[in-house]
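Asks: Sharing a structure with you now.
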Amino acid sequence: MLLRYIFLRALMLIPVSISISVVIFMIVHLLPGDPIDNLIRVGSSPEDRAALVVKYGLDQPLFVQYFRWVGAMFQGDFGEAIVLRRPVADLIGQNLPYSLQLGALAFLFSSTVGIILGTISATTRSAIVEQFVRGFILLGSTVPGFWLALLMILFFAVQLQWFPVSGARSWESLVLPVLTIGFGGVALVARVTRVALLDVRREDFVMLLHAKGLSSRTILFRHLMPHAMLPVVTILALRIGWILGGAVTVEFVFGRPGLGSLLIRALGQRDYPVVQGCLLMLALAVMLGTLIGDVAQAAMDPRIREAKK
């Protein structure tokens, strides 16, 4: 049953992927300017510009360019960067490991700390601790990532000089970007964990467990947490795509290589194939995270599989 559910959910991603590819292609090509502006030299004639337009197929109708792009992707070819003049697949392959490393550490940080803080907030009897955690959740939910990144650089890198301002040469260069991306994730995961635990604690079976004489620790970790983890697992799976998307501005602010830096540079140059490839990778990460979340939910709760038949 679970395999059938996974197959059906994966099948549903096909029309979604096609729709996303159309949206990405149209948005990129409707932006003002084009990559030819970054290729022609000062004083070039209109004929030189027209020759470059024809060379890169930009004179074709948009639907022709789209189908050529999609057809090449089915053959594993993401095209060639117009300005950088390198295969897009090579550029993505060169920068993706940096984004995955940053995203994995930020995901681990936000998941672990978020679940711990959410559990503390839901189970503590100290008003001070609860108010502190709730204040942290509110702060993390409202502070923009790029603004937090600038504050991190100003305080920890410039003033205290604990960590490098930019680059990716050592593990120290990962600390500030991971904290910046993970901060908002901690707040989100903590809030979901807190609400889920409080909801489960109101169930009748919890009163029965207390009546049986089980300790609060046993009830929490053996009975409450497994029930409360269903929405938490869902939000964590969605964070997979959100983290890679959130890393776009953070990588640029910290001067790190990665998909984010590559995307922003390509946007400035209007390098269509690179922008399309990067956006498609980010979209696939979001869809993959959604699929993982749905499968995890179905594996934890059989009622979801039954409802999806």
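The chains in the structure tokens are called A, B, ... from first to last as shown; in each chain the residues are counted from 1, and the ligands are counted from 1 in the order shown.
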Just the residues within 9 Å of His227 of chain A, please, counting only C-alpha atoms, with nothing from its chain fewer than 6 positions along; format it as a ChimeraX atom specification.

Replies: /A:196-197,200

Asks: Sorted by chain and rising residue number, list the residues of segment 208-289 of chain A at most 12 Å from segment 43-61 of chain A (counting only C-alpha atoms), each with its closest atom pair and distance in Å to one decimal, as a Markdown table.

Replies:
```
| residue | atom | partner | partner_atom | distance |
| --- | --- | --- | --- | --- |
| A:Asp271 | CA | A:Tyr56 | CA | 11.2 |
| A:Tyr272 | CA | A:Leu58 | CA | 10.1 |
| A:Pro273 | CA | A:Tyr56 | CA | 10.6 |
```

Asks: Give me the residues near Ala187 of chain A as a PyMOL selection string, where near means some atom within 9 Å (using only C-alpha atoms) and where sequence neighbours in that chain fewer than 4 positions away do not count.

Replies: chain A and resi 110+114+117-118+133-134+136-141+182-183+191-192

Asks: Which residue, A:Val275, A:Met12, A:Ile153, A:Ala237, has the smallest gap to Thr290 of chain A when you use only C-alpha atoms?

Replies: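 Ranked by minimum distance to Thr290 of chain A, first place goes to A:Ala237.
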
Asks: Would you kindly return, as JSON, numbers by chain, each protein, DNA or RNA residue with an atom no farther than 12 Å from any atom of Leu198 of chain A, considering only C-alpha atoms and excluding same-chain residues fewer than 5 positions away?

Replies: {"A": [118, 119, 120, 121, 122, 123, 124, 191, 192, 193, 203, 206, 220, 224, 225, 227, 228]}

Asks: Could the residues in this selection be saved with all heavy atoms as a CSV table (one decimal), in the first residue's frame?

Replies:
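Once everything was written out, this is out16.csv:
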```
chain,number,residue,atom,x,y,z
A,118,GLY,N,10.7,23.7,21.3
A,118,GLY,CA,9.3,23.4,21.3
A,118,GLY,C,8.8,22.5,22.4
A,118,GLY,O,7.8,22.7,23.1
A,119,THR,N,9.6,21.5,22.7
A,119,THR,CA,9.3,20.5,23.8
A,119,THR,C,9.4,21.2,25.1
A,119,THR,O,8.5,21.0,26.0
A,119,THR,CB,10.2,19.3,23.7
A,119,THR,OG1,10.1,18.7,22.4
A,119,THR,CG2,9.8,18.3,24.8
A,120,ILE,N,10.4,22.0,25.3
A,120,ILE,CA,10.6,22.7,26.6
A,120,ILE,C,9.4,23.7,26.8
A,120,ILE,O,8.9,23.8,27.9
A,120,ILE,CB,11.9,23.5,26.6
A,120,ILE,CG1,13.1,22.5,26.6
A,120,ILE,CG2,12.0,24.4,27.8
A,120,ILE,CD1,14.5,23.2,26.5
A,121,SER,N,9.0,24.4,25.8
A,121,SER,CA,8.0,25.4,25.9
A,121,SER,C,6.6,24.7,26.2
A,121,SER,O,5.8,25.2,27.0
A,121,SER,CB,7.8,26.2,24.6
A,121,SER,OG,6.7,27.1,24.7
A,122,ALA,N,6.4,23.5,25.7
A,122,ALA,CA,5.1,22.8,25.9
A,122,ALA,C,5.1,22.1,27.2
A,122,ALA,O,4.0,21.8,27.8
A,122,ALA,CB,4.9,21.8,24.8
A,123,THR,N,6.2,21.7,27.8
A,123,THR,CA,6.2,20.9,29.0
A,123,THR,C,6.7,21.6,30.3
A,123,THR,O,6.5,21.1,31.4
A,123,THR,CB,7.1,19.7,28.8
A,123,THR,OG1,8.4,20.1,28.5
A,123,THR,CG2,6.5,18.8,27.7
A,124,THR,N,7.3,22.8,30.1
A,124,THR,CA,7.9,23.5,31.3
A,124,THR,C,6.8,24.1,32.2
A,124,THR,O,5.7,24.5,31.7
A,124,THR,CB,8.9,24.6,30.9
A,124,THR,OG1,9.5,25.1,32.0
A,124,THR,CG2,8.2,25.7,30.1
A,191,ARG,N,7.6,26.3,17.1
A,191,ARG,CA,6.2,26.6,17.2
A,191,ARG,C,5.3,25.4,16.9
A,191,ARG,O,4.4,25.2,17.6
A,191,ARG,CB,5.9,27.8,16.3
A,191,ARG,CG,4.5,28.3,16.4
A,191,ARG,CD,4.2,29.6,15.7
A,191,ARG,NE,4.3,29.4,14.2
A,191,ARG,CZ,5.2,30.0,13.4
A,191,ARG,NH1,6.2,30.7,14.0
A,191,ARG,NH2,5.2,29.8,12.2
A,192,VAL,N,5.7,24.7,15.8
A,192,VAL,CA,4.9,23.6,15.4
A,192,VAL,C,5.0,22.5,16.4
A,192,VAL,O,3.9,21.8,16.8
A,192,VAL,CB,5.3,23.0,14.0
A,192,VAL,CG1,4.6,21.7,13.7
A,192,VAL,CG2,5.1,24.1,12.9
A,193,THR,N,6.2,22.2,17.0
A,193,THR,CA,6.3,21.2,18.0
A,193,THR,C,5.5,21.6,19.2
A,193,THR,O,4.9,20.7,19.8
A,193,THR,CB,7.8,21.1,18.4
A,193,THR,OG1,8.6,20.8,17.2
A,193,THR,CG2,8.0,20.0,19.4
A,203,GLU,N,-5.6,15.0,24.8
A,203,GLU,CA,-6.3,13.8,24.5
A,203,GLU,C,-6.6,13.0,25.7
A,203,GLU,O,-5.9,13.0,26.8
A,203,GLU,CB,-5.4,12.9,23.5
A,203,GLU,CG,-5.2,13.6,22.2
A,203,GLU,CD,-6.4,13.8,21.3
A,203,GLU,OE1,-7.4,13.0,21.6
A,203,GLU,OE2,-6.4,14.7,20.5
A,206,VAL,N,-4.0,10.4,27.5
A,206,VAL,CA,-2.9,10.9,28.3
A,206,VAL,C,-3.4,10.9,29.8
A,206,VAL,O,-2.6,10.5,30.7
A,206,VAL,CB,-2.6,12.4,27.9
A,206,VAL,CG1,-1.5,13.0,28.8
A,206,VAL,CG2,-2.1,12.4,26.5
A,220,LEU,N,5.9,11.5,28.0
A,220,LEU,CA,6.4,12.4,27.0
A,220,LEU,C,7.1,11.8,25.8
A,220,LEU,O,6.7,11.9,24.6
A,220,LEU,CB,7.3,13.5,27.6
A,220,LEU,CG,8.0,14.5,26.6
A,220,LEU,CD1,6.9,15.3,25.9
A,220,LEU,CD2,9.0,15.4,27.4
A,224,LEU,N,3.7,10.8,23.9
A,224,LEU,CA,3.3,12.1,23.3
A,224,LEU,C,4.1,12.4,22.1
A,224,LEU,O,3.5,12.9,21.0
A,224,LEU,CB,3.5,13.2,24.4
A,224,LEU,CG,2.6,13.1,25.6
A,224,LEU,CD1,2.8,14.3,26.5
A,224,LEU,CD2,1.1,13.1,25.2
A,225,MET,N,5.4,12.3,22.1
A,225,MET,CA,6.3,12.6,21.0
A,225,MET,C,5.9,11.9,19.7
A,225,MET,O,5.9,12.5,18.7
A,225,MET,CB,7.8,12.4,21.4
A,225,MET,CG,8.3,13.4,22.5
A,225,MET,SD,8.2,15.1,21.9
A,225,MET,CE,9.5,15.2,20.7
A,227,HIS,N,3.1,10.9,18.6
A,227,HIS,CA,1.9,11.4,18.1
A,227,HIS,C,2.1,12.9,17.6
A,227,HIS,O,1.6,13.3,16.6
A,227,HIS,CB,0.8,11.4,19.1
A,227,HIS,CG,0.2,10.1,19.4
A,227,HIS,ND1,0.8,9.2,20.2
A,227,HIS,CD2,-0.9,9.4,18.9
A,227,HIS,CE1,0.1,8.0,20.3
A,227,HIS,NE2,-0.9,8.2,19.5
A,228,ALA,N,2.9,13.6,18.3
A,228,ALA,CA,3.1,15.0,18.0
A,228,ALA,C,4.1,15.2,16.8
A,228,ALA,O,4.1,16.3,16.2
A,228,ALA,CB,3.7,15.8,19.2
```

Asks: Hey, what's within 12 Å of Leu105 of chain A if we count only C-alpha atoms and toss same-chain stuff fewer than 3 positions away? As an NGL selection string, please?

Replies: :A and (98-102 or 108-112 or 171 or 174-182 or 185 or 240 or 243-244 or 247)

Asks: Which is closer to Leu263 of chain A than all the others in A:Ala296, A:Val16, A:Val186, A:Val88, using only C-alpha atoms?

Replies: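 Answer, going by the shortest atom-to-atom distance: A:Val88.
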
Asks: Take atom CA of Pro35 of chain A and atom CA of Val70 of chain A and report the distance between them in Å, one decimal.

Replies: 19.7 Å

Asks: Given the choices A:Leu291, A:Trp147, A:Phe254, A:Trp69, which gets closest to Phe163 of chain A if the distance is worked out from only C-alpha atoms?

Replies: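 Closest residue, counting only C-alpha atoms: A:Phe254.
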
Asks: Need to verify the contact set: Leu96 of chain A, 12 Å, only C-alpha atoms, exclusion of same-chain residues closer than 6 positions in sequence. Can you return it as a ChimeraX atom specification?

Replies: /A:88-90,102-104,244,247-248,251,256-263,277-278,281-282,285

Asks: Using only C-alpha atoms, which of the listed residues (A:Val233, A:Ala211, A:Gly268, A:Pro15) sits closest to Ala299 of chain A?

Replies: A:Val233

Asks: Check the smallest atom-to-atom distance from each of A:Leu288, A:Val250, A:Val232, A:Ala72 to Leu148 of chain A using only C-alpha atoms, then report the winner.

Replies: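 Closest to Leu148 of chain A, using only C-alpha atoms: A:Val250.
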
Asks: Contacts of His223 of chain A at 12 Å or less, counting only C-alpha atoms, minus same-chain residues fewer than 5 places along, as a PyMOL selection string?

Replies: chain A and resi 197+200-201+203+205-210+214-218+228-229
